[in-house]
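Have a look at the structure below before the remarks.
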Amino acid sequence: MAKTHVSMTVNGKAVEGLVEPRTLLIHFLREDLSLTGPHIGCETTHCGACTVDLDGKSVKSCTVFAVQADGASILTIEGVAAPDGTLHALQEGFREMHGLQCGFCTPGMITRAWRLLQENPNPSEDDIRAGISGNLCRCTGYQNIIKAIQYAAAKISGAQFKEAAE
């Protein structure tokens, strides 16, 4: 099968490659670029483990062809932390608020939450629940994920994080 040249910016770096037209973005990221943070879960858009930020929108990279991302700007979990390795407030929040257990959903969850906080810097609990509704977690029950996102929102805005009484 003939291959197509693609070029894009991934985590702030220009990348390019040759892909078959049927190559999914998740496979290009993982296999060609060795960015294994986005996980392959269901390959049917149901789980969200492969979520990346593409041109300012959260997308499930298992249903986007790499050729569709030609010229795009993409952020994966590998690009969320600062270049010096300092954790982003979301990554810190997931650690501090115990927002992960097995960790399989975490890269997609954090990447989706990153976009959510770009769109709504001060989300309510209902906003967070709606915002991450396309990302499934089979371990946590979501409450600590919500706390982690609230923690990050507070830290980013400079506000004091106040955990709700249970």
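Ordering of the structure tokens sets the chain letters (A, B, ...), residue numbers begin anew at 1 in every chain, and ligands are numbered from 1 in the order given.
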
For range 131-135 of chain A, list every protein, DNA or RNA residue within 9 Å, evaluated using only C-alpha atoms, and leave out those in the same chain fewer than 6 positions away; present the list as a short mmCIF file (atom, residue, chain, number, x, y, z; two decimals) with N, CA, C and O atoms, in the first residue's frame.
data_model
loop_
_atom_site.label_atom_id
_atom_site.label_comp_id
_atom_site.auth_asym_id
_atom_site.auth_seq_id
_atom_site.Cartn_x
_atom_site.Cartn_y
_atom_site.Cartn_z
N THR A 45 -13.63 4.25 20.55
CA THR A 45 -13.95 5.56 21.16
C THR A 45 -14.68 5.48 22.49
O THR A 45 -15.07 6.50 23.02
N HIS A 46 -14.85 4.31 23.04
CA HIS A 46 -15.62 4.21 24.27
C HIS A 46 -14.83 4.53 25.53
O HIS A 46 -15.38 5.07 26.49
N CYS A 47 -13.55 4.19 25.59
CA CYS A 47 -12.86 4.27 26.89
C CYS A 47 -12.09 5.56 27.12
O CYS A 47 -11.94 5.99 28.25
N GLY A 48 -11.57 6.19 26.08
CA GLY A 48 -10.84 7.45 26.25
C GLY A 48 -9.39 7.31 26.67
O GLY A 48 -8.73 8.31 26.89
N ALA A 49 -8.87 6.09 26.77
CA ALA A 49 -7.47 5.91 27.18
C ALA A 49 -6.49 6.52 26.18
O ALA A 49 -5.36 6.85 26.54
N THR A 51 -6.94 9.41 24.54
CA THR A 51 -7.26 10.82 24.35
C THR A 51 -6.01 11.67 24.24
O THR A 51 -5.08 11.57 25.04
N CYS A 105 -6.08 4.45 32.62
CA CYS A 105 -6.88 5.55 32.08
C CYS A 105 -6.24 6.91 32.29
O CYS A 105 -6.63 7.89 31.67
N GLY A 108 -5.05 9.51 29.37
CA GLY A 108 -6.19 10.09 28.66
C GLY A 108 -7.02 10.99 29.55
O GLY A 108 -7.52 12.03 29.12
N MET A 109 -7.17 10.59 30.80
CA MET A 109 -7.95 11.38 31.76
C MET A 109 -7.28 12.74 32.00
O MET A 109 -7.94 13.78 32.00
N ARG A 112 -7.49 14.93 28.84
CA ARG A 112 -8.85 15.48 28.71
C ARG A 112 -9.08 16.58 29.74
O ARG A 112 -9.65 17.63 29.43
N ALA A 113 -8.65 16.34 30.97
CA ALA A 113 -8.81 17.35 32.02
C ALA A 113 -8.01 18.61 31.69
O ALA A 113 -8.45 19.72 32.02
N LEU A 116 -10.19 20.51 29.44
CA LEU A 116 -11.32 21.00 30.21
C LEU A 116 -10.94 22.27 30.97
O LEU A 116 -11.68 23.26 30.95
#

Shell of 8 Å around range 12-29 of chain A, only C-alpha atoms, local chain residues under 2 positions omitted, as a ChimeraX atom specification: /A:1-10,31-36,38-40,50,61-67,69,73-75,79

Convert the current residue selection to file output with N, CA, C and O atoms, as a compact mmCIF listing (two decimals), in the first residue's frame.
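This is the output file out.txt:
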# COMPACT_ATOMS: atom_id res chain seq x y z
N MET A 1 0.85 -1.17 0.00
CA MET A 1 0.00 0.00 0.00
C MET A 1 0.90 1.24 0.00
O MET A 1 1.90 1.31 0.71
N ALA A 2 0.52 2.22 -0.78
CA ALA A 2 1.29 3.46 -0.87
C ALA A 2 1.25 4.20 0.46
O ALA A 2 0.24 4.18 1.18
N LYS A 3 2.35 4.84 0.79
CA LYS A 3 2.41 5.60 2.03
C LYS A 3 2.33 7.09 1.75
O LYS A 3 2.72 7.55 0.68
N THR A 4 1.80 7.81 2.72
CA THR A 4 1.62 9.25 2.62
C THR A 4 2.51 9.93 3.63
O THR A 4 2.64 9.48 4.78
N HIS A 5 3.11 11.02 3.23
CA HIS A 5 3.95 11.80 4.14
C HIS A 5 3.06 12.67 5.02
O HIS A 5 2.14 13.33 4.53
N VAL A 6 3.30 12.62 6.33
CA VAL A 6 2.59 13.49 7.27
C VAL A 6 3.61 14.26 8.10
O VAL A 6 4.70 13.76 8.38
N SER A 7 3.23 15.46 8.46
CA SER A 7 4.05 16.25 9.38
C SER A 7 3.10 16.96 10.33
O SER A 7 1.99 17.34 9.95
N MET A 8 3.52 17.06 11.57
CA MET A 8 2.70 17.69 12.59
C MET A 8 3.59 18.13 13.73
O MET A 8 4.78 17.79 13.76
N THR A 9 3.04 18.87 14.65
CA THR A 9 3.76 19.26 15.85
C THR A 9 3.19 18.45 17.00
O THR A 9 1.99 18.49 17.25
N VAL A 10 4.05 17.69 17.66
CA VAL A 10 3.62 16.86 18.78
C VAL A 10 4.41 17.27 20.01
O VAL A 10 5.64 17.24 20.01
N GLU A 31 3.83 3.81 17.78
CA GLU A 31 4.77 2.96 17.05
C GLU A 31 5.83 3.74 16.29
O GLU A 31 6.99 3.33 16.26
N ASP A 32 5.45 4.85 15.69
CA ASP A 32 6.43 5.61 14.91
C ASP A 32 7.16 6.64 15.77
O ASP A 32 8.35 6.90 15.54
N LEU A 33 6.46 7.25 16.72
CA LEU A 33 7.08 8.30 17.54
C LEU A 33 7.49 7.81 18.93
O LEU A 33 8.07 8.58 19.70
N SER A 34 7.17 6.58 19.27
CA SER A 34 7.50 5.99 20.59
C SER A 34 6.91 6.78 21.75
O SER A 34 7.49 6.83 22.83
N LEU A 35 5.76 7.39 21.53
CA LEU A 35 5.03 8.08 22.59
C LEU A 35 3.97 7.11 23.12
O LEU A 35 2.86 7.03 22.59
N THR A 36 4.33 6.37 24.13
CA THR A 36 3.46 5.30 24.62
C THR A 36 2.57 5.73 25.78
O THR A 36 1.90 4.89 26.37
N PRO A 38 -0.28 7.73 25.60
CA PRO A 38 -1.66 7.44 25.23
C PRO A 38 -1.81 5.93 25.05
O PRO A 38 -1.03 5.30 24.33
N HIS A 39 -2.78 5.36 25.71
CA HIS A 39 -2.95 3.91 25.69
C HIS A 39 -3.98 3.47 24.67
O HIS A 39 -4.91 4.21 24.35
N ILE A 40 -3.82 2.25 24.20
CA ILE A 40 -4.80 1.63 23.32
C ILE A 40 -5.71 0.81 24.23
O ILE A 40 -5.25 -0.13 24.87
N CYS A 50 -6.92 6.69 24.95
CA CYS A 50 -6.06 7.22 23.89
C CYS A 50 -6.25 8.72 23.66
O CYS A 50 -5.73 9.27 22.68
N SER A 61 -7.67 9.29 19.86
CA SER A 61 -6.76 9.07 18.74
C SER A 61 -6.91 7.70 18.09
O SER A 61 -6.30 7.44 17.06
N CYS A 62 -7.76 6.84 18.65
CA CYS A 62 -8.03 5.55 18.01
C CYS A 62 -9.02 5.67 16.87
O CYS A 62 -9.24 4.71 16.14
N THR A 63 -9.61 6.84 16.70
CA THR A 63 -10.58 7.02 15.61
C THR A 63 -10.23 8.19 14.72
O THR A 63 -11.08 8.71 14.00
N VAL A 64 -8.96 8.60 14.76
CA VAL A 64 -8.47 9.64 13.86
C VAL A 64 -7.33 9.01 13.06
O VAL A 64 -6.44 8.38 13.63
N PHE A 65 -7.37 9.17 11.76
CA PHE A 65 -6.26 8.69 10.94
C PHE A 65 -5.10 9.66 11.06
O PHE A 65 -5.30 10.88 11.16
N ALA A 66 -3.90 9.13 11.00
CA ALA A 66 -2.71 9.98 11.07
C ALA A 66 -2.73 11.02 9.96
O ALA A 66 -2.32 12.17 10.18
N VAL A 67 -3.23 10.66 8.78
CA VAL A 67 -3.27 11.62 7.67
C VAL A 67 -4.23 12.77 7.97
O VAL A 67 -4.04 13.88 7.46
N ALA A 69 -4.40 14.19 10.79
CA ALA A 69 -3.67 15.05 11.71
C ALA A 69 -2.51 15.78 11.03
O ALA A 69 -1.76 16.50 11.69
N SER A 73 -1.43 20.39 15.50
CA SER A 73 -0.67 20.50 16.74
C SER A 73 -1.30 19.56 17.74
O SER A 73 -2.51 19.65 18.00
N ILE A 74 -0.49 18.66 18.29
CA ILE A 74 -0.99 17.62 19.17
C ILE A 74 -0.27 17.67 20.51
O ILE A 74 0.94 17.86 20.56
N LEU A 75 -1.04 17.48 21.57
CA LEU A 75 -0.47 17.35 22.91
C LEU A 75 -0.84 15.98 23.44
O LEU A 75 -2.02 15.60 23.42
N GLY A 79 3.63 15.59 26.91
CA GLY A 79 3.84 17.02 26.77
C GLY A 79 3.18 17.87 27.85
O GLY A 79 3.27 19.09 27.82

Backbone DSSP call of strand (DSSP E) for range 58-156 of chain A, listed as a ChimeraX atom specification: /A:58-60,73-75

Near-range 138-146 of chain A list (9 Å; only C-alpha atoms; drop same-chain fewer than 6 positions) as a PyMOL selection string: chain A and resi 93-94+97-103+105+109+125+128-129

Close residues, Gln160 in chain A itself excluded, 10 Å, only C-alpha atoms, min 6 positions apart in chain, as a JSON list (two decimals) with C-alpha atoms, in the first residue's frame:
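So the final result, stored in part12.json, reads:
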[["chain", "number", "residue", "atom", "x", "y", "z"],
["A", 151, "TYR", "CA", -7.02, 20.58, 43.13],
["A", 153, "ALA", "CA", -7.94, 24.16, 39.00],
["A", 154, "ALA", "CA", -7.33, 25.76, 42.38]]

Who sits within 9 Å of Glu92 in chain A, only C-alpha atoms, same chain under 3 positions skipped, as an MDAnalysis selection string: chainID A and resid 87:89 95:97 148 151:152

A:Val52, A:Asn11, A:Leu117, A:Val59 ranked by distance to Ala81 in chain A, top pick (using only C-alpha atoms): A:Asn11

Chain A: residues DSSP assigns to helix (DSSP H, G or I), reported as JSON, numbers by chain: {"A": [25, 26, 27, 28, 29, 30, 31, 32, 61, 62, 63, 66, 67, 68, 69, 77, 78, 79, 89, 90, 91, 92, 93, 94, 95, 96, 106, 107, 108, 109, 110, 111, 112, 113, 114, 115, 116, 117, 118, 119, 125, 126, 127, 128, 129, 130, 131, 143, 144, 145, 146, 147, 148, 149, 150, 151, 152, 153, 154, 155, 156, 157]}
